[in-house]
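Since the structure comes first, as structure tokens, the remarks are kept for the end.
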Amino acid sequence: MDKQYAIDADVFISASRLYYPFDIAPAFWRQLVEKGSNKIVLIDKIKDEILRNEDQLSEWLQENSSSFLIRTSMDPKVMESYRRIISFVSESSHYRQIAKFEFAEAADSWLCAHASAYSYVIVTEERYEPNSRKRVKIPNVCKEFAIDYINRIQFIRELGIKFE
């Protein structure tokens, strides 16, 4: 089976604001839709986070969301994964209490739950930081639960997006 990629909101947001603005790199966004069809998973929590901004990215997502695999967090398999991940984080003496609370409330925890439940590869700009106590990082959870993750550039390469 081909890989399916669950994208962190920050990947979309930083791409639109910093790396590939719509007016400078329309080919990036076009290829994302063309090459990402049936490969890009957009979980409901991430979609909601992007749509709240009411900017060019949210407009693009509204126009193109049917090209992606939209997944709900109400899925029983996802909810079970979420429960396991949150239990691990909350029982950990490593993280500060505020970090545990923020992670449980953030879309990041659901992103990890979806990836764990369905073996999606997470695409995130976060880096593994084993000493992070103030914030629960996506890659740290990925390492604990054997979830594959890659960064934006690796994702672009794997999807075959080219800037010619």
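So you can find residues: chains in the structure tokens are A, B, ... in the order shown, residues in each start at 1, and ligands are numbered from 1 in order.
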
Using 12 Å as the limit and counting only C-alpha atoms, can you tabulate each residue of range 102-130 of chain A that touches range 50-74 of chain A, with its shortest atom-to-atom distance in Å and the two atoms involved, as a Markdown table?
```
| residue | atom | partner | partner_atom | distance |
| --- | --- | --- | --- | --- |
| A:Ala107 | CA | A:Ser73 | CA | 10.0 |
| A:Asp108 | CA | A:Ser73 | CA | 11.9 |
| A:Ser109 | CA | A:Ser73 | CA | 10.7 |
| A:Trp110 | CA | A:Ser73 | CA | 7.0 |
| A:Leu111 | CA | A:Ser73 | CA | 9.0 |
| A:Cys112 | CA | A:Ser73 | CA | 11.0 |
| A:Ala113 | CA | A:Ser73 | CA | 8.6 |
| A:His114 | CA | A:Ser73 | CA | 7.5 |
| A:Ala115 | CA | A:Arg71 | CA | 11.0 |
| A:Ala117 | CA | A:Ser73 | CA | 10.8 |
| A:Tyr118 | CA | A:Arg71 | CA | 10.8 |
| A:Tyr120 | CA | A:Leu69 | CA | 11.6 |
```

Which residues of range 72-147 of chain A sit at most 10 Å from range 151-163 of chain A, using only C-alpha atoms? Give each one's shortest atom pair and distance in Å (one decimal place), in chain and ascending residue order, as a Markdown table.
```
| residue | atom | partner | partner_atom | distance |
| --- | --- | --- | --- | --- |
| A:Val121 | CA | A:Phe155 | CA | 9.4 |
| A:Ile122 | CA | A:Asn151 | CA | 8.3 |
| A:Val123 | CA | A:Asn151 | CA | 5.4 |
| A:Thr124 | CA | A:Asn151 | CA | 5.2 |
| A:Glu125 | CA | A:Asn151 | CA | 5.3 |
| A:Glu126 | CA | A:Asn151 | CA | 7.8 |
| A:Arg127 | CA | A:Asn151 | CA | 8.5 |
```

For those residues, write N, CA and C atoms to a file as a JSON list (two decimals), in the first residue's frame.
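Full text of out_4.json as output:
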```
[["chain", "number", "residue", "atom", "x", "y", "z"],
["A", 121, "VAL", "N", 2.11, 8.43, 7.92],
["A", 121, "VAL", "CA", 3.38, 9.10, 8.16],
["A", 121, "VAL", "C", 3.04, 10.55, 8.50],
["A", 122, "ILE", "N", 3.49, 11.02, 9.63],
["A", 122, "ILE", "CA", 3.24, 12.41, 10.01],
["A", 122, "ILE", "C", 4.26, 13.31, 9.33],
["A", 123, "VAL", "N", 3.77, 14.41, 8.80],
["A", 123, "VAL", "CA", 4.64, 15.44, 8.23],
["A", 123, "VAL", "C", 4.61, 16.62, 9.18],
["A", 124, "THR", "N", 5.74, 16.95, 9.74],
["A", 124, "THR", "CA", 5.84, 18.02, 10.73],
["A", 124, "THR", "C", 7.19, 18.72, 10.62],
["A", 125, "GLU", "N", 7.21, 19.97, 11.04],
["A", 125, "GLU", "CA", 8.47, 20.72, 11.09],
["A", 125, "GLU", "C", 9.11, 20.59, 12.47],
["A", 126, "GLU", "N", 8.42, 19.98, 13.41],
["A", 126, "GLU", "CA", 8.98, 19.79, 14.74],
["A", 126, "GLU", "C", 10.12, 18.78, 14.68],
["A", 127, "ARG", "N", 11.05, 18.93, 15.60],
["A", 127, "ARG", "CA", 12.19, 18.02, 15.69],
["A", 127, "ARG", "C", 12.14, 17.26, 17.00]]
```

(message) Let's see if you can do this: from backbone DSSP, list all strand (DSSP E or B) residues in range 45-130 of chain A, as a list in words.
(response)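 Output for range 45-130 of chain A, strand (DSSP E or B) only: Leu69, Ile70, Arg71, Val121, Ile122 and Val123 of chain A.
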
(message) Could you check the closest approach to Leu42 in chain A for each of A:Ile86, A:Gln4, A:Arg133, A:Phe103 and tell me which residue wins, using only C-alpha atoms?
(response)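 Checking each candidate against Leu42 in chain A, we get A:Gln4 as the closest.
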
(message) Neighbouring residues of Lys39 in chain A were defined as those with any atom within 6 Å, considering only C-alpha atoms; residues of the same chain fewer than 2 positions away were excluded. Please report them as number ranges by chain.
(response) A: 4-5, 36-37

(request) Compile the contact shell of Asn140 in chain A as a PyMOL selection string: residues with an atom at most 7 Å away, counting only C-alpha atoms, same-chain residues fewer than 6 positions apart removed. (result) chain A and resi 128-130

Once you have the residues from the selection above, write them out as a PDB file, in the first residue's frame, restricted to N, CA and C atoms.
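New file out.pdb:
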```
ATOM      1  N   TYR A 128      12.695  16.080  16.973  1.00  0.00           N
ATOM      2  CA  TYR A 128      12.785  15.261  18.176  1.00  0.00           C
ATOM      3  C   TYR A 128      13.670  15.971  19.199  1.00  0.00           C
ATOM      4  N   GLU A 129      13.121  16.184  20.385  1.00  0.00           N
ATOM      5  CA  GLU A 129      13.863  16.832  21.460  1.00  0.00           C
ATOM      6  C   GLU A 129      13.615  16.049  22.752  1.00  0.00           C
ATOM      7  N   PRO A 130      14.465  15.072  23.032  1.00  0.00           N
ATOM      8  CA  PRO A 130      14.224  14.221  24.197  1.00  0.00           C
ATOM      9  C   PRO A 130      14.237  14.970  25.527  1.00  0.00           C
TER      10      PRO A 130
END
```

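If only C-alpha atoms are the atoms counted, then among A:Ala106, A:Ala25, A:Ser132, A:Lys47 the closest residue to Phe12 in chain A is A:Lys47.
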
(request) Give the helix (DSSP H, G or I) residues of range 60-143 of chain A, as assigned by DSSP on the backbone, as an NGL selection string. (result) :A and (60-67 or 76-91 or 97-105 or 107-118 or 138-143)

Next, write the just-selected residues to a file, as a compact mmCIF listing (two decimals), in the first residue's frame, keeping C-alpha atoms as the atom set.
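For reference, selection32.txt as written:
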```
# COMPACT_ATOMS: atom_id res chain seq x y z
CA TRP A 60 -7.31 27.33 -0.86
CA LEU A 61 -8.20 24.53 1.56
CA GLN A 62 -11.93 25.15 1.19
CA GLU A 63 -11.57 24.96 -2.58
CA ASN A 64 -9.37 21.86 -2.56
CA SER A 65 -10.31 19.82 0.51
CA SER A 66 -12.15 17.27 -1.62
CA SER A 67 -8.75 16.32 -3.08
CA PRO A 76 -13.29 4.53 17.55
CA LYS A 77 -9.84 3.32 16.51
CA VAL A 78 -8.51 6.89 16.61
CA MET A 79 -10.14 7.57 19.98
CA GLU A 80 -8.49 4.46 21.42
CA SER A 81 -5.10 5.61 20.11
CA TYR A 82 -5.74 9.08 21.54
CA ARG A 83 -6.53 7.54 24.92
CA ARG A 84 -3.28 5.53 24.90
CA ILE A 85 -1.19 8.53 23.87
CA ILE A 86 -2.78 10.89 26.40
CA SER A 87 -2.40 8.28 29.16
CA PHE A 88 1.27 7.92 28.37
CA VAL A 89 1.83 11.69 28.34
CA SER A 90 -0.19 12.38 31.48
CA GLU A 91 1.56 9.59 33.41
CA GLN A 97 1.81 19.70 33.84
CA ILE A 98 1.03 22.65 31.56
CA ALA A 99 2.75 20.85 28.66
CA LYS A 100 0.59 17.79 29.26
CA PHE A 101 -2.57 19.90 29.32
CA GLU A 102 -1.64 21.86 26.18
CA PHE A 103 -0.83 18.67 24.27
CA ALA A 104 -4.14 17.06 25.24
CA GLU A 105 -6.01 20.14 24.00
CA ALA A 107 -4.61 19.10 17.33
CA ASP A 108 -1.10 17.58 17.61
CA SER A 109 -2.33 14.89 19.99
CA TRP A 110 -5.09 13.93 17.54
CA LEU A 111 -2.62 13.95 14.64
CA CYS A 112 -0.52 11.41 16.52
CA ALA A 113 -3.61 9.35 17.36
CA HIS A 114 -4.70 9.17 13.72
CA ALA A 115 -1.19 8.23 12.59
CA SER A 116 -0.91 5.57 15.28
CA ALA A 117 -4.31 4.08 14.47
CA TYR A 118 -3.81 3.93 10.70
CA ILE A 138 5.13 15.39 17.93
CA PRO A 139 8.39 13.53 17.12
CA ASN A 140 8.81 12.60 20.79
CA VAL A 141 5.39 10.95 20.77
CA CYS A 142 6.20 9.35 17.41
CA LYS A 143 9.36 7.77 18.84
```

(request) Would you work out the distance separating CA of Arg17 in chain A from CA of Val41 in chain A, expressed in Å to one decimal? (result)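 For CA of Arg17 in chain A relative to CA of Val41 in chain A, the distance reads 21.1 Å.
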